[in-house]
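Q: Sharing a structure, written as structure tokens. Questions coming.
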Amino acid sequence: MTKHIWTLLKFVFSVGLIWMVLQNAWAEVDKGGVELRSTLFDINLSIFAMAVVLNGFSFVGSAFQWHKLLVYQGISISWATSFKNYFVGLFFNHFLLGNAGGDVQKVVDLHRQKNQWKEALVATLFDRIFGLFIINGFALIVGWVYFFNHDKLQILIWPSTWIALCLSIFFAILFSKRLSRLLLKL
């Protein structure tokens with residue numbers, strides 16, 4: 001019985017947080033003077049539905065990736081449990097302040113369940129770094145395609161280029177035994 005009350009309290013708290021975020025969003029007015037409410041009612045529903053479906057696939061794929069990283073780190077965990085932990089973390093990242101709260105929550109949950117917080121932390125950090133690498137790759141492709149013909153805007157390409165270069169070197173050293181041994185000799 002206590003478990004059901006606790007679950008109900010968590011649900012009410014979550015709904016309350018979502019309601020609070022939406023109430024503040026409805027009250028805000030952007031610089032153009034258009035309210036968020038009217039903007040939301042003018043969206044193309046087929047494009048919105050496609051975005052929701054693609055985002056859902058992205059979330060499930062990311063949960064699968066995180067699960068595989070956990071297993072690789074030696075954490076014996078079921079797909080259902082890692083899926084649940086991932087989506088709780090996703091909720092924290094999307095609806096609460098900051099982007100790291102969900103990652104902390106995932107590591108804490110795994111520490112409570114499996115007492116393997118170091119392995120969970122490594123898997124979660126690697127997941128984040130790999131995600132940064134992929135997103136940076138998309139930014140780099142768009143930057144080179146869009147900004148290449150704009151002389152004044154070409155400078156905007158270089159931060160993404162340097163980040164991509166540094167992450168590529170990091171992953172090359174991480175995954176190559178030869179490069180790792182060479183680095184250790186230096």
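Ordering of the structure tokens sets the chain letters (A, B, ...); residue numbers start at 1 within each chain; ligands are numbered from 1 in the order shown.
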With only C-alpha atoms as the counted atoms, please give the residues lying no more than 9 Å from stretch 45-59 of chain A, apart from itself and same-chain residues fewer than 6 positions off, as a list in words.
A: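 The contact residues come out as Tyr86, Phe87 and Leu90 of chain A.
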Q: Fewer than 6 positions away in the same chain doesn't count, so skip those; otherwise give me all residues within 12 Å of A:His67, counting only C-alpha atoms, as an NGL selection string.
A: :A and (60-61 or 73-87 or 106 or 110 or 120 or 123-124 or 127)
Q: Write the residues of the selection above to a file with C-alpha atoms, as a JSON list (two decimals), in the first residue's frame.
A:
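In the end it all went to part_30.json:
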[["chain", "number", "residue", "atom", "x", "y", "z"],
["A", 60, "VAL", "CA", 14.62, 4.45, -27.75],
["A", 61, "GLY", "CA", 17.88, 4.24, -29.73],
["A", 73, "GLN", "CA", 30.92, -1.85, -18.21],
["A", 74, "GLY", "CA", 29.95, -5.11, -16.53],
["A", 75, "ILE", "CA", 26.62, -4.04, -15.06],
["A", 76, "SER", "CA", 24.17, -6.92, -15.23],
["A", 77, "ILE", "CA", 20.89, -5.14, -15.92],
["A", 78, "SER", "CA", 17.76, -6.00, -17.86],
["A", 79, "TRP", "CA", 16.70, -3.99, -20.87],
["A", 80, "ALA", "CA", 13.46, -3.01, -19.10],
["A", 81, "THR", "CA", 15.28, -1.65, -16.04],
["A", 82, "SER", "CA", 17.81, 0.32, -18.04],
["A", 83, "PHE", "CA", 15.00, 1.61, -20.30],
["A", 84, "LYS", "CA", 13.06, 2.79, -17.23],
["A", 85, "ASN", "CA", 16.14, 4.44, -15.70],
["A", 86, "TYR", "CA", 16.97, 6.12, -19.00],
["A", 87, "PHE", "CA", 13.50, 7.61, -19.37],
["A", 106, "LYS", "CA", 20.52, 7.56, -13.71],
["A", 110, "LEU", "CA", 21.95, 2.32, -10.73],
["A", 120, "ALA", "CA", 27.39, 3.66, -14.33],
["A", 123, "ALA", "CA", 28.91, 4.59, -19.17],
["A", 124, "THR", "CA", 26.84, 7.76, -18.72],
["A", 127, "ASP", "CA", 27.17, 8.28, -23.65]]
Q: Using only C-alpha atoms, which residue out of A:Ile18, A:Gln116, A:Val71, A:Ser168 lies closest to A:Leu132?
A: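 Counting only C-alpha atoms, the residue closest to A:Leu132 is A:Ser168.
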Q: As a PyMOL selection string, please: the residues near A:Gly143 (cut-off 12 Å, only C-alpha atoms, same-chain neighbours under 6 positions excluded).
A: chain A and resi 136-137+149-150+153-161
Q: For A:Gly101, which of A:Leu70, A:Val88, A:Ile5, A:Val122 is the closest residue, counting only C-alpha atoms?
A: A:Val88
Q: Go ahead and compute the interatomic distance for atom CA of A:Leu167 and atom CA of A:Trp144, in Å to one decimal.
A: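 Between atom CA of A:Leu167 and atom CA of A:Trp144 the gap is 17.9 Å.
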Q: Going by DSSP on the backbone, which residues of chain A come out as alpha helix (DSSP H)? List them as number ranges by chain.
A: A: 2-27, 36-41, 45-72, 79-95, 101-114, 117-147, 157-175, 177-185
